There are 2 protein chains.
Amino acid sequence: MKRQHVIGMFDSGVGGLTVMKEILEQIPEVRIIYLGDTARVPYGNRSKEELIRFGEEIITFLISQGAEAVVAACNTSSANALPALKESYNVPLIGTIEPGARLAVKKTAGGKIGLIATEATVRSKAYNSAISRVLSKGVLPEDQALREGWQQGEQPIALVKSQACPLFVPLVEAGLAKTPEARGIARTYLSGFEDAGVDALILGCTHYPFLTPVIREILGESIALIDPAQGMVEELKAVLAKLDQAQDQNQVAATHSAKESWKLRFFVSGDPELFQSVGNTLLPGQIQEVRRVIWGD
Amino acid sequence: MKRQHVIGMFDSGVGGLTVMKEILEQIPEVRIIYLGDTARVPYGNRSKEELIRFGEEIITFLISQGAEAVVAACNTSSANALPALKESYNVPLIGTIEPGARLAVKKTAGGKIGLIATEATVRSKAYNSAISRVLSKGVLPEDQALREGWQQGEQPIALVKSQACPLFVPLVEAGLAKTPEARGIARTYLSGFEDAGVDALILGCTHYPFLTPVIREILGESIALIDPAQGMVEELKAVLAKLDQAQDQNQVAATHSAKESWKLRFFVSGDPELFQSVGNTLLPGQIQEVRRVIWGD
């Protein structure tokens, strides 16, 4: 019998649940410990140093709870803190940026990619760098590089427009994603993308898929909305396969973990009830109990 | 000739400009250095330790620019950091909480006070404590304590309802205070105050007076809206009178400062243009130049 792996996940709030949903659909056998740092949401205006410190507190907590791999289901943290955090921990850490960049490059037809994200993610230029890395690794299909309208030798794909959306996270956290207010604010943020000729838009914050219906309504059906979660699940599958290989060499672990019966565990640093009520709009009935953690500061 | 005093002021963003407006109307002869910490706005979800560190960076900067007194035009900072900051600095520091509490006690008719503020201000319970202090100092007019409907010996005035409004600061900072979106969100936050019988509502965040028209529209004309700025100006006048007394004993200072000609100086840690554009909606034409400061972290 294969061991049920325990995955740790974190986000500033409910946003990471959009990633959890994708994981549960594609890898239903995993067990997940989720931490929403709702006492400190939003992360979007935090400094790099703060984001590294928060990441350390959270990852240490998730490992103490039994996590064998950790998904940083937060773009702000992935963009600013993940490289430093990877140096501090032995467990595999999976972020949002590389998977998002790979998907965007794959999905754009005209070569013009847009990004909506928090201030800190936009400022980091992490997606710009990742798109360049993806292109230099030759992920770009050959026919795409030769497509009509591009000059020989010209960089065929670029992130042409980034827009910080500082109100989106607090709107989603307050449970207001489906209101006319959210629609009005989204219209303000998204107005520049059509003129820029963008045909693939990275949802560069895990809270934003809560707003997909609103974004679709404004930008129409033809634009590709890139949710990095889909790419993250692929990366997670590869990580779990490696853990399975290691497990085959160690049957003790499998025997041990078979005793436990839980499936999902939720922790927040802020209000458990608000998290449960907003989270259940995305994952109906799945958030049964939410426990509170208190940070040292 | 009296010396033109130099006042330092700070807020997480444009909010403190509502206090500056009040100061300029009532003490037009002062010169003001304003710092908006827009790279780190909102402050509403910050820890006490962070707020103290930010306050130290800002006050040290304002003093280095010549401030003789500093107005913490930010309720979140006043509620959480000011007591600690007062121990570190010799210049007079003026906060929002005591003046706001005094005004609320003066203005309530039925004894039920409401508060809208950031998460961190609500959590601090600073207004609750300040209202108790005001009452214990006998600021309460005698007739009020005897008003009909209150029992003998009962605490006649209380803060009965606090509501955190985490979307208000980002709405104001984005220049969206006058939109239908702001109105819809305000309606969500304010729905409980009428049922609670509140007749005086403390605007416990300096950003909120930007939303006064919207709040009036929802709560009507009969509720007293308490803007601590009015009380802060009284405190500032007393501080300046003391500085004048000190100056009378030292004519050198007066001669020195007569050489300078500036009136208002603005610094931000974030985007100067956004600050100027939003700020000028409150103080038309007064924000001519905004310079950028960069923090060490």
# chains A, B, ... in the order shown; residues from 1 in each chain; ligands from 1
>>> residues_around(residues="Ala182 (chain B)", least_positions_apart="3", cutoff="10 Å", atoms="only C-alpha atoms", output="list in words")
Glu181, Gly184 and Ile185 of chain A; Leu167, Phe168, Leu171, Val172, Leu176, Ala177, Lys178, Thr179, Ile185, Ala186, Arg187, Leu211, Val214 and Ile215 of chain B
>>> residues_around(residues="region 261-273 of chain A", least_positions_apart="3", cutoff="7 Å", atoms="only C-alpha atoms", output="list of chain:residue names")
A:Arg31, A:Ile32, A:Ile33, A:Tyr34, A:Leu35, A:Gly36, A:Asp37, A:Thr38, A:Ala39, A:Gln276, A:Ser277, A:Glu289, A:Val290, A:Arg291, A:Arg292, A:Val293, A:Ile294
>>> write_last_selection(atoms="C-alpha atoms", output="tab-separated table (two decimals), in the first residue's frame")
chain	number	residue	atom	x	y	z
A	31	ARG	CA	-3.46	14.72	2.86
A	32	ILE	CA	-3.05	18.46	3.24
A	33	ILE	CA	-2.23	20.82	6.10
A	34	TYR	CA	-3.17	24.37	5.11
A	35	LEU	CA	-2.06	27.56	6.85
A	36	GLY	CA	-3.70	30.93	6.07
A	37	ASP	CA	-1.73	33.80	7.63
A	38	THR	CA	-4.87	35.91	7.95
A	39	ALA	CA	-3.60	37.97	10.87
A	276	GLN	CA	-14.28	29.06	7.06
A	277	SER	CA	-17.17	31.06	5.66
A	289	GLU	CA	-12.69	22.82	11.41
A	290	VAL	CA	-10.24	25.71	11.48
A	291	ARG	CA	-7.71	26.07	14.28
A	292	ARG	CA	-5.81	29.19	15.27
A	293	VAL	CA	-2.04	29.59	15.49
A	294	ILE	CA	-0.47	32.52	17.32
>>> residues_around(residues="Ala224 (chain B)", least_positions_apart="3", cutoff="7 Å", atoms="only C-alpha atoms", output="VMD selection string")
chain B and resid 107 199 to 201
>>> select_by_dssp(residues="region 65-137 of chain A", states="strand (DSSP E)", output="list in words")
Ala69, Val70, Val71, Ala72, Leu93, Ile94, Lys112, Ile113, Gly114, Leu115, Ile116 and Ala117 of chain A
>>> residues_around(residues="region 116-118 of chain A", least_positions_apart="2", cutoff="6 Å", atoms="only C-alpha atoms", output="ChimeraX atom specification")
/A:44,120-121,162-166,203-205
>>> write_last_selection(atoms="C-alpha atoms", output="compact mmCIF listing (two decimals), in the first residue's frame")
# COMPACT_ATOMS: atom_id res chain seq x y z
CA GLY A 44 1.17 42.57 -1.07
CA ALA A 120 5.34 43.25 -4.16
CA THR A 121 5.04 40.61 -6.89
CA SER A 162 1.89 44.38 -15.29
CA GLN A 163 -0.87 45.80 -13.12
CA ALA A 164 -0.84 45.77 -9.32
CA CYS A 165 -4.34 45.24 -7.88
CA PRO A 166 -4.03 46.06 -4.17
CA LEU A 203 -3.47 35.54 -12.45
CA GLY A 204 -0.35 36.27 -10.40
CA CYS A 205 -1.99 35.98 -6.99
>>> closest_residue(among="B:Pro180, B:Pro284, B:Gly220, B:Gly15", to="chain A", atoms="only C-alpha atoms")
B:Pro180
>>> residues_around(residues="region 230-235 of chain A", least_positions_apart="5", cutoff="7 Å", atoms="only C-alpha atoms", output="list in words")
Glu22, Ile23, Thr96, Pro99, Gly100 and Leu103 of chain A
>>> select_by_dssp(residues="region 149-293 of chain B", states="helix (DSSP H, G or I)", output="ChimeraX atom specification")
/B:168-173,180-195,208-219,229-248,251-257,272-282
>>> write_last_selection(atoms="C-alpha atoms", output="tab-separated table (two decimals), in the first residue's frame")
chain	number	residue	atom	x	y	z
B	168	PHE	CA	-11.36	51.65	3.40
B	169	VAL	CA	-7.63	52.52	3.43
B	170	PRO	CA	-6.80	50.79	0.11
B	171	LEU	CA	-9.92	52.37	-1.46
B	172	VAL	CA	-8.85	55.86	-0.41
B	173	GLU	CA	-5.20	55.29	-1.39
B	180	PRO	CA	-20.22	53.55	-6.17
B	181	GLU	CA	-17.85	50.73	-5.16
B	182	ALA	CA	-16.81	52.63	-2.02
B	183	ARG	CA	-20.49	53.27	-1.24
B	184	GLY	CA	-21.39	49.58	-1.54
B	185	ILE	CA	-18.52	48.47	0.68
B	186	ALA	CA	-19.29	51.18	3.25
B	187	ARG	CA	-22.88	49.95	3.42
B	188	THR	CA	-21.59	46.48	4.38
B	189	TYR	CA	-19.37	47.84	7.16
B	190	LEU	CA	-21.85	50.34	8.61
B	191	SER	CA	-25.00	48.23	8.71
B	192	GLY	CA	-24.77	47.41	12.43
B	193	PHE	CA	-24.50	50.91	13.87
B	194	GLU	CA	-28.11	52.03	13.62
B	195	ASP	CA	-29.41	48.92	15.38
B	208	TYR	CA	-11.90	57.85	6.74
B	209	PRO	CA	-12.79	61.57	6.48
B	210	PHE	CA	-12.15	61.13	2.73
B	211	LEU	CA	-15.29	58.95	2.92
B	212	THR	CA	-17.42	61.36	4.97
B	213	PRO	CA	-19.95	62.03	2.18
B	214	VAL	CA	-20.49	58.28	1.70
B	215	ILE	CA	-20.78	57.63	5.47
B	216	ARG	CA	-23.26	60.53	5.86
B	217	GLU	CA	-25.35	59.19	3.00
B	218	ILE	CA	-25.63	55.80	4.71
B	219	LEU	CA	-25.99	56.79	8.38
B	229	ALA	CA	-8.27	65.96	14.00
B	230	GLN	CA	-10.24	68.76	15.62
B	231	GLY	CA	-9.04	67.75	19.07
B	232	MET	CA	-5.50	67.18	17.84
B	233	VAL	CA	-5.26	70.79	16.67
B	234	GLU	CA	-6.13	71.99	20.19
B	235	GLU	CA	-3.33	69.84	21.61
B	236	LEU	CA	-0.93	71.11	18.96
B	237	LYS	CA	-1.77	74.73	19.82
B	238	ALA	CA	-0.85	74.05	23.45
B	239	VAL	CA	2.43	72.43	22.37
B	240	LEU	CA	3.30	75.41	20.14
B	241	ALA	CA	2.53	77.88	22.94
B	242	LYS	CA	5.08	76.06	25.09
B	243	LEU	CA	7.66	76.17	22.28
B	244	ASP	CA	7.01	79.93	21.98
B	245	GLN	CA	7.71	80.40	25.68
B	246	ALA	CA	10.99	78.55	25.24
B	247	GLN	CA	11.78	80.70	22.20
B	248	ASP	CA	11.24	83.95	24.11
B	251	GLN	CA	16.23	84.92	20.25
B	252	VAL	CA	18.91	83.17	18.18
B	253	ALA	CA	16.45	80.54	16.95
B	254	ALA	CA	14.05	83.19	15.65
B	255	THR	CA	16.76	84.98	13.66
B	256	HIS	CA	17.94	81.71	12.17
B	257	SER	CA	14.61	80.42	10.95
B	272	PRO	CA	5.01	60.20	-5.44
B	273	GLU	CA	2.61	60.77	-8.36
B	274	LEU	CA	-0.23	58.69	-6.93
B	275	PHE	CA	0.16	60.49	-3.60
B	276	GLN	CA	0.05	63.87	-5.30
B	277	SER	CA	-2.98	63.03	-7.40
B	278	VAL	CA	-5.05	61.56	-4.54
B	279	GLY	CA	-3.83	64.16	-2.03
B	280	ASN	CA	-4.80	67.06	-4.26
B	281	THR	CA	-8.43	65.93	-4.20
B	282	LEU	CA	-8.41	66.94	-0.52
>>> residues_around(residues="Val41 (chain B)", least_positions_apart="5", cutoff="7 Å", atoms="only C-alpha atoms", output="short mmCIF file (atom, residue, chain, number, x, y, z; two decimals) with C-alpha atoms, in the first residue's frame")
data_model
loop_
_atom_site.label_atom_id
_atom_site.label_comp_id
_atom_site.auth_asym_id
_atom_site.auth_seq_id
_atom_site.Cartn_x
_atom_site.Cartn_y
_atom_site.Cartn_z
CA ASN A 45 2.88 45.54 0.57
CA SER B 12 0.65 55.32 6.35
CA GLY B 13 -0.46 57.27 3.26
#
>>> atom_distance(atom1="CA of Ala158 (chain B)", atom2="CA of Arg123 (chain B)")
16.5 Å
>>> atom_distance(atom1="CA of Gly16 (chain B)", atom2="CA of Arg46 (chain A)")
21.1 Å
